[in-house]
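Novice: Quick one: this structure, given as structure tokens, is what I'll be asking you about.
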Amino acid sequence: MKKTIAIICMAAMGMSVSAAVIPNGGDDAKMDAFISSLMGRMTLEEKLGQLNLPPSDDIVTGNAIDSNIGAAVKRGEVGGTFNIKGAEKIRELQRVAVEESRLGIPLLLGMDVIHGYETVFPIPLALSCSWDMDAIERSARVAATEASAAGVNWTFSPMVDISRDPRWGRVSEGSGEDPYLGSQIARAMVRGYQGDLKGNDKILACVKHFALYGASEAGRDYNTVDMSRGRMYNEYFAPYKAAVDEGAATVMTSFNLVDGIPATANRWLIDDVLRGQWNFGGMVVTDYGSIGEIAVHGVGALKEASAASLKAGTDMDMCSFGFIGTLKQSLAEGKVTMEDIDRAVRRILEAKYRLGLFDNPYKYNDVSLEKTHVYTPEHRAEARATAAKTFVLLKNEGNILPLAKKGTVALIGPLANTASNMPGTWSVAADLTRPKTLRQGFEDALGTKAQLLYAKGSNLYADPETEAACTVFGRGMRDPRSEEELLREALDVAARADVIVAAMGEASESSGESSSRASLTLPDTQRRLLEALLATGKPVVMLNFSGRPTVMTWESRNVPAIMNVWFGGSEAADAIADVVFGDVCPSGKLTQTMPYSEGQIPIYYNHLNTGRPKDESNPAYQKYRSNYLDNPNKPLYPFGYGLSYTDFDYSGFRLDKDVLDSNGSITATVTVTNKGDRAADEIVQFYIRDMVASVSRPVKELKHFERISLQPGQSRDVSFTITPDDLKFYDYELKYVAEPGEFQVMAGPDSERLSILTFTLAQ
Ligand code: NOJ
């Protein structure tokens, strides 16, 4: 088979069959020559075929389309497809492409491998709460190893959209609200997926959704986005740029408008910013049906939208069939040029070349590897250890947690006994029957040391229709019994226990794409259950399953211990048990603010000041100040917040000097001490504030963090070396500058409990 491909490729180059085979990768000149030669033999139809990315009908992630993919591949009408699962199926489709299409050009085979393939890691929002770049990179590496063994060569990840609105269900797929942390994570993910792109287990990354998708108005998915350029550059663009700087091979456009023009057809966004300012040389793919949706935005029918998108710098059309269906006519009418088409074709062929597909289109595909490299004990151990780092302990009154492995534990709640709900949204490749339920995880952890009792206690929602909407894809867990019966059973179980663990929250499909929520509180039926459990007077630990920050104001006042466990992946049950029963100390910290109420949204720590800020030393309402009559300004739990089973003391915050030269550095150091009696990890955070600038700057911005491990009683100095680069921002003219003057540097365990020092950036 390999020989056939080599022959095809050499023929494309006009070489004789005895010449050397095309190397995997190779230098740019060789690649250019190879692609030029291949393109010289392509018909217009074959070129347009390369720009076409239809869906497979295997795993459906958008409006279903019958693409009859095999026949289209054979006719050379397809550049790639996505979301087919299984080495054998993928191999057969690739075989059709390389053996039965006229030029034998291999396919890109994409998949939404977002937080793991079959070994599922926690949802990205949770992963970000680990603040552990090595673990995040390893999670992407494991995902790439598994996906590539099954023939996938391109993942639609990382999703790096900043969001400040937890109503938006897709916050689960991103890394929270902070551009600096989001940038570090974007880089780690790209490294994990792509590495140097050499070797059979590397896959192309796709940064998405470019751009600003996370700012959908009112948190409603696919909704309008409108923001100033200053905000784009200073607050939203950084993670996309970081991924591009790290070498991400592809970028996906977003569904939304940018300055009134859909991102996919926005020439300023793609050509000027992405390609011009950021030097992105890779391939741009649309999101699912984005070109078709341009007409719905009222900005041009399919033909015009396709021409505009191509002109804007978009190369590959996912599921709109606009490029393949209309560009020929647009070319004839002079609306696009052959150069426009060739440019896009070249970028797609370059991506294939860089992957090594022209050398061996099957390199990523091996039926035997699929058996040995997927869902391995090593991968699962990695996922379990990583998941345990992502849980955020929000409250632990009287140190209820960790629980002792003794006596009788009652596990109660609608999320306690479901396997399919554990991995989280976008686990499209996972076998959802495989994860342990939390109940099984607890049983395994307790063994014979303690007795475990279980009751469901309530459904997720009292209303079956709401529950059905929130648990799509067959993850429904409805109990036919009445809420009264469920509650009665739960109280019987609770009465026999020493401690109650309440497994509550939302279903995994209540977050993710097309899963916006207007109300973020615990549904009524679960709240009623929780109240009844608390009324027993027994200690209650609440485990909150969620794909977003939820509103837990009532719970924070009434429940003694609360831990957010997100959706922790295929190994979540064991990981939760590890932390609840104290084998692992919790260390996760929030990367998105937990609001006090929905009315505060959008809420984020790195906001600008107002001219009339509230005096936060006085919680009362303040007339003619920026505050609410009926609600605090402060969130329930701030960005960066998270408790441990030990206490950390921060002391001796100091600067080595107080003037920073324009080409020098200043070092800020804080001493962190583990005051408790267990070894634990702490995430030490540093923030900066520019006190006076030519445009208003945020009250604080994360600029450095470190995750450190400390033994009981151990102290460590943690330093942040500040250079003028750390002080830069985009000014009114969008120039990236550090302006001389006064700055604050802050250090602490979260974005609110901070020590502050001042320094000056010299002229
Ligand atoms: C639409 C989503 O917005 C995007 O994130 C995903 O990669 C594509 N569908 C493909 O499934």
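Identifiers for the structure tokens are assigned positionally: chains receive A, B, ... in sequence, residues are indexed from 1 per chain, and ligands are indexed from 1 in the order shown.
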What lies within 9 Å of Glu235 (chain A) using only C-alpha atoms, ignoring chain neighbours under 3 positions off, as a compact mmCIF listing (two decimals) with N, CA, C and O atoms, in the first residue's frame?
Specialist:
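Saved the output as out10.txt:
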# COMPACT_ATOMS: atom_id res chain seq x y z
N ILE A 162 -12.14 32.98 25.56
CA ILE A 162 -12.33 33.57 26.89
C ILE A 162 -13.82 33.81 27.09
O ILE A 162 -14.50 34.26 26.17
N ASP A 178 -9.46 34.09 32.09
CA ASP A 178 -8.22 34.86 32.12
C ASP A 178 -7.36 34.65 30.86
O ASP A 178 -7.01 33.52 30.54
N PRO A 179 -6.98 35.76 30.20
CA PRO A 179 -6.20 35.61 28.97
C PRO A 179 -4.78 35.10 29.19
O PRO A 179 -4.26 34.38 28.33
N GLY A 230 -10.02 47.58 21.45
CA GLY A 230 -9.16 47.57 22.64
C GLY A 230 -9.44 46.34 23.48
O GLY A 230 -8.52 45.65 23.95
N ARG A 231 -10.70 46.03 23.65
CA ARG A 231 -11.06 44.86 24.45
C ARG A 231 -10.64 43.57 23.74
O ARG A 231 -10.15 42.63 24.36
N MET A 232 -10.84 43.53 22.43
CA MET A 232 -10.40 42.33 21.69
C MET A 232 -8.92 42.07 21.95
O MET A 232 -8.53 40.97 22.34
N ALA A 238 -5.46 37.10 23.25
CA ALA A 238 -4.18 36.50 23.65
C ALA A 238 -4.12 34.97 23.50
O ALA A 238 -3.13 34.45 22.96
Novice: Do you know which residues are within 6 Å of ligand 1 using only C-alpha atoms and all ligand atoms? Can you write them as a PyMOL selection string?
Specialist: chain A and resi 61-62+112+156+287-288
Novice: For those residues, write all heavy atoms to a file as a PDB file, in the first residue's frame.
Specialist:
ATOM      1  N   THR A  61     -22.368  16.083  14.998  1.00  0.00           N
ATOM      2  CA  THR A  61     -22.119  17.209  15.899  1.00  0.00           C
ATOM      3  C   THR A  61     -22.695  18.517  15.359  1.00  0.00           C
ATOM      4  O   THR A  61     -22.255  19.597  15.718  1.00  0.00           O
ATOM      5  CB  THR A  61     -20.601  17.395  16.134  1.00  0.00           C
ATOM      6  OG1 THR A  61     -19.983  17.576  14.862  1.00  0.00           O
ATOM      7  CG2 THR A  61     -19.989  16.217  16.832  1.00  0.00           C
ATOM      8  N   GLY A  62     -23.657  18.383  14.468  1.00  0.00           N
ATOM      9  CA  GLY A  62     -24.325  19.569  13.929  1.00  0.00           C
ATOM     10  C   GLY A  62     -25.577  19.098  13.230  1.00  0.00           C
ATOM     11  O   GLY A  62     -25.937  17.919  13.324  1.00  0.00           O
ATOM     12  N   ASP A 112     -13.564  15.786  16.993  1.00  0.00           N
ATOM     13  CA  ASP A 112     -13.630  16.633  18.185  1.00  0.00           C
ATOM     14  C   ASP A 112     -13.067  15.862  19.378  1.00  0.00           C
ATOM     15  O   ASP A 112     -13.801  15.390  20.241  1.00  0.00           O
ATOM     16  CB  ASP A 112     -15.078  17.046  18.455  1.00  0.00           C
ATOM     17  CG  ASP A 112     -15.569  18.090  17.478  1.00  0.00           C
ATOM     18  OD1 ASP A 112     -15.083  19.223  17.544  1.00  0.00           O
ATOM     19  OD2 ASP A 112     -16.433  17.765  16.637  1.00  0.00           O
ATOM     20  N   PHE A 156     -10.116  19.065  16.596  1.00  0.00           N
ATOM     21  CA  PHE A 156     -10.683  20.415  16.673  1.00  0.00           C
ATOM     22  C   PHE A 156     -10.527  20.935  18.102  1.00  0.00           C
ATOM     23  O   PHE A 156     -11.497  21.122  18.841  1.00  0.00           O
ATOM     24  CB  PHE A 156     -12.145  20.406  16.239  1.00  0.00           C
ATOM     25  CG  PHE A 156     -12.354  19.917  14.826  1.00  0.00           C
ATOM     26  CD1 PHE A 156     -13.449  19.127  14.505  1.00  0.00           C
ATOM     27  CD2 PHE A 156     -11.455  20.240  13.829  1.00  0.00           C
ATOM     28  CE1 PHE A 156     -13.648  18.680  13.204  1.00  0.00           C
ATOM     29  CE2 PHE A 156     -11.636  19.793  12.525  1.00  0.00           C
ATOM     30  CZ  PHE A 156     -12.736  19.003  12.214  1.00  0.00           C
ATOM     31  N   ASP A 287     -16.247  26.889  11.024  1.00  0.00           N
ATOM     32  CA  ASP A 287     -17.017  26.002  11.892  1.00  0.00           C
ATOM     33  C   ASP A 287     -18.161  25.402  11.066  1.00  0.00           C
ATOM     34  O   ASP A 287     -18.390  25.770   9.907  1.00  0.00           O
ATOM     35  CB  ASP A 287     -17.535  26.754  13.134  1.00  0.00           C
ATOM     36  CG  ASP A 287     -17.843  25.772  14.279  1.00  0.00           C
ATOM     37  OD1 ASP A 287     -17.928  24.552  14.037  1.00  0.00           O
ATOM     38  OD2 ASP A 287     -18.013  26.224  15.429  1.00  0.00           O
ATOM     39  N   TYR A 288     -18.883  24.511  11.698  1.00  0.00           N
ATOM     40  CA  TYR A 288     -19.889  23.683  11.042  1.00  0.00           C
ATOM     41  C   TYR A 288     -20.990  24.544  10.391  1.00  0.00           C
ATOM     42  O   TYR A 288     -21.826  25.115  11.075  1.00  0.00           O
ATOM     43  CB  TYR A 288     -20.518  22.806  12.115  1.00  0.00           C
ATOM     44  CG  TYR A 288     -21.247  21.562  11.659  1.00  0.00           C
ATOM     45  CD1 TYR A 288     -20.755  20.309  11.975  1.00  0.00           C
ATOM     46  CD2 TYR A 288     -22.427  21.627  10.949  1.00  0.00           C
ATOM     47  CE1 TYR A 288     -21.416  19.161  11.602  1.00  0.00           C
ATOM     48  CE2 TYR A 288     -23.095  20.474  10.561  1.00  0.00           C
ATOM     49  CZ  TYR A 288     -22.583  19.247  10.896  1.00  0.00           C
ATOM     50  OH  TYR A 288     -23.245  18.108  10.527  1.00  0.00           O
TER      51      TYR A 288
END
Novice: Select, from A:Val551, A:Ser694, A:Thr253, A:Asp656, the residue with the minimum atom-to-atom distance to Pro635 (chain A), counting only C-alpha atoms.
Specialist: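 Nearest candidate to Pro635 (chain A) out of A:Val551, A:Ser694, A:Thr253, A:Asp656: A:Val551.
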Novice: Check the smallest atom-to-atom distance from each of A:Ala218, A:Leu357, A:Ala265, A:Ala205 to Val244 (chain A) using only C-alpha atoms, then report the winner.
Specialist: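 Among the listed residues, the smallest separation from Val244 (chain A) belongs to A:Ala205.
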Novice: Using only C-alpha atoms, which protein or nucleic acid residues come within 7 Å of region 720-736 of chain A? Drop anything in the same chain fewer than 5 positions from it, and give the result as a list in words.
Specialist: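 Neighbouring residues, sequence-local ones excluded: Gly230, Tyr233, Asn234, Ser662, Gly664, Ser665, Ile666, Thr667, Ala668, Thr669, Ser694, Val695, Lys703 and His704 of chain A.
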Novice: Using DSSP secondary structure from the backbone, list all helix (DSSP H, G or I) positions within region 208-378 of chain A, as an NGL selection string.
Specialist: :A and (213-215 or 217-219 or 229-236 or 238-245 or 263-265 or 267-277 or 290-296 or 302-312 or 322-332 or 338-355 or 367-372 or 377-378)
Novice: Quick one: residues within 10 Å of Pro549 (chain A), only C-alpha atoms counted, chain neighbours fewer than 5 positions away excluded, as number ranges by chain?
Specialist: A: 125, 165-167, 171-172, 176, 520-521, 544, 564, 566, 590-595, 637
Novice: Can those selected residues be exported to a file as a PDB file, in the first residue's frame so that it contains N, CA and C atoms?
Specialist:
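Produced file result.pdb, reproduced below:
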ATOM      1  N   LEU A 125     -12.625  23.231  31.171  1.00  0.00           N
ATOM      2  CA  LEU A 125     -12.733  24.214  32.263  1.00  0.00           C
ATOM      3  C   LEU A 125     -12.162  23.625  33.551  1.00  0.00           C
ATOM      4  N   ASP A 165     -19.136  34.695  31.061  1.00  0.00           N
ATOM      5  CA  ASP A 165     -20.572  34.496  31.210  1.00  0.00           C
ATOM      6  C   ASP A 165     -20.903  33.016  31.379  1.00  0.00           C
ATOM      7  N   PRO A 166     -21.076  32.575  32.625  1.00  0.00           N
ATOM      8  CA  PRO A 166     -21.309  31.140  32.847  1.00  0.00           C
ATOM      9  C   PRO A 166     -22.674  30.650  32.356  1.00  0.00           C
ATOM     10  N   ARG A 167     -23.516  31.553  31.904  1.00  0.00           N
ATOM     11  CA  ARG A 167     -24.754  31.057  31.275  1.00  0.00           C
ATOM     12  C   ARG A 167     -24.417  30.336  29.977  1.00  0.00           C
ATOM     13  N   VAL A 171     -18.599  27.478  28.146  1.00  0.00           N
ATOM     14  CA  VAL A 171     -17.497  27.763  29.078  1.00  0.00           C
ATOM     15  C   VAL A 171     -16.855  26.450  29.524  1.00  0.00           C
ATOM     16  N   SER A 172     -17.628  25.369  29.475  1.00  0.00           N
ATOM     17  CA  SER A 172     -17.079  24.061  29.866  1.00  0.00           C
ATOM     18  C   SER A 172     -15.906  23.649  28.975  1.00  0.00           C
ATOM     19  N   GLY A 176     -11.674  29.248  31.013  1.00  0.00           N
ATOM     20  CA  GLY A 176     -12.102  30.252  31.967  1.00  0.00           C
ATOM     21  C   GLY A 176     -11.962  31.668  31.449  1.00  0.00           C
ATOM     22  N   LEU A 520     -28.851  29.527  37.036  1.00  0.00           N
ATOM     23  CA  LEU A 520     -27.663  28.712  37.345  1.00  0.00           C
ATOM     24  C   LEU A 520     -27.724  28.107  38.740  1.00  0.00           C
ATOM     25  N   THR A 521     -28.882  28.204  39.364  1.00  0.00           N
ATOM     26  CA  THR A 521     -28.996  27.630  40.710  1.00  0.00           C
ATOM     27  C   THR A 521     -29.327  26.141  40.620  1.00  0.00           C
ATOM     28  N   ASN A 544     -20.579  19.147  43.821  1.00  0.00           N
ATOM     29  CA  ASN A 544     -21.322  19.826  42.773  1.00  0.00           C
ATOM     30  C   ASN A 544     -20.756  19.446  41.407  1.00  0.00           C
ATOM     31  N   ASN A 564     -16.489  21.402  44.183  1.00  0.00           N
ATOM     32  CA  ASN A 564     -16.910  21.370  42.780  1.00  0.00           C
ATOM     33  C   ASN A 564     -16.105  20.296  42.070  1.00  0.00           C
ATOM     34  N   TRP A 566     -16.923  19.286  38.771  1.00  0.00           N
ATOM     35  CA  TRP A 566     -17.068  19.461  37.319  1.00  0.00           C
ATOM     36  C   TRP A 566     -17.569  18.162  36.672  1.00  0.00           C
ATOM     37  N   LEU A 590     -10.343  28.017  41.096  1.00  0.00           N
ATOM     38  CA  LEU A 590     -11.273  28.464  40.058  1.00  0.00           C
ATOM     39  C   LEU A 590     -10.566  29.290  38.982  1.00  0.00           C
ATOM     40  N   THR A 591     -10.948  29.029  37.752  1.00  0.00           N
ATOM     41  CA  THR A 591     -10.436  29.853  36.657  1.00  0.00           C
ATOM     42  C   THR A 591     -11.551  30.697  36.051  1.00  0.00           C
ATOM     43  N   GLN A 592     -12.719  30.558  36.609  1.00  0.00           N
ATOM     44  CA  GLN A 592     -13.819  31.447  36.239  1.00  0.00           C
ATOM     45  C   GLN A 592     -14.592  31.779  37.510  1.00  0.00           C
ATOM     46  N   THR A 593     -14.880  33.055  37.663  1.00  0.00           N
ATOM     47  CA  THR A 593     -15.547  33.549  38.861  1.00  0.00           C
ATOM     48  C   THR A 593     -16.873  32.831  39.091  1.00  0.00           C
ATOM     49  N   MET A 594     -17.156  32.491  40.354  1.00  0.00           N
ATOM     50  CA  MET A 594     -18.461  31.913  40.686  1.00  0.00           C
ATOM     51  C   MET A 594     -19.354  33.044  41.172  1.00  0.00           C
ATOM     52  N   PRO A 595     -20.381  33.367  40.414  1.00  0.00           N
ATOM     53  CA  PRO A 595     -21.184  34.537  40.771  1.00  0.00           C
ATOM     54  C   PRO A 595     -22.036  34.319  42.013  1.00  0.00           C
ATOM     55  N   TYR A 637     -17.464  33.221  44.979  1.00  0.00           N
ATOM     56  CA  TYR A 637     -16.083  32.741  45.078  1.00  0.00           C
ATOM     57  C   TYR A 637     -15.301  33.352  43.919  1.00  0.00           C
TER      58      TYR A 637
END
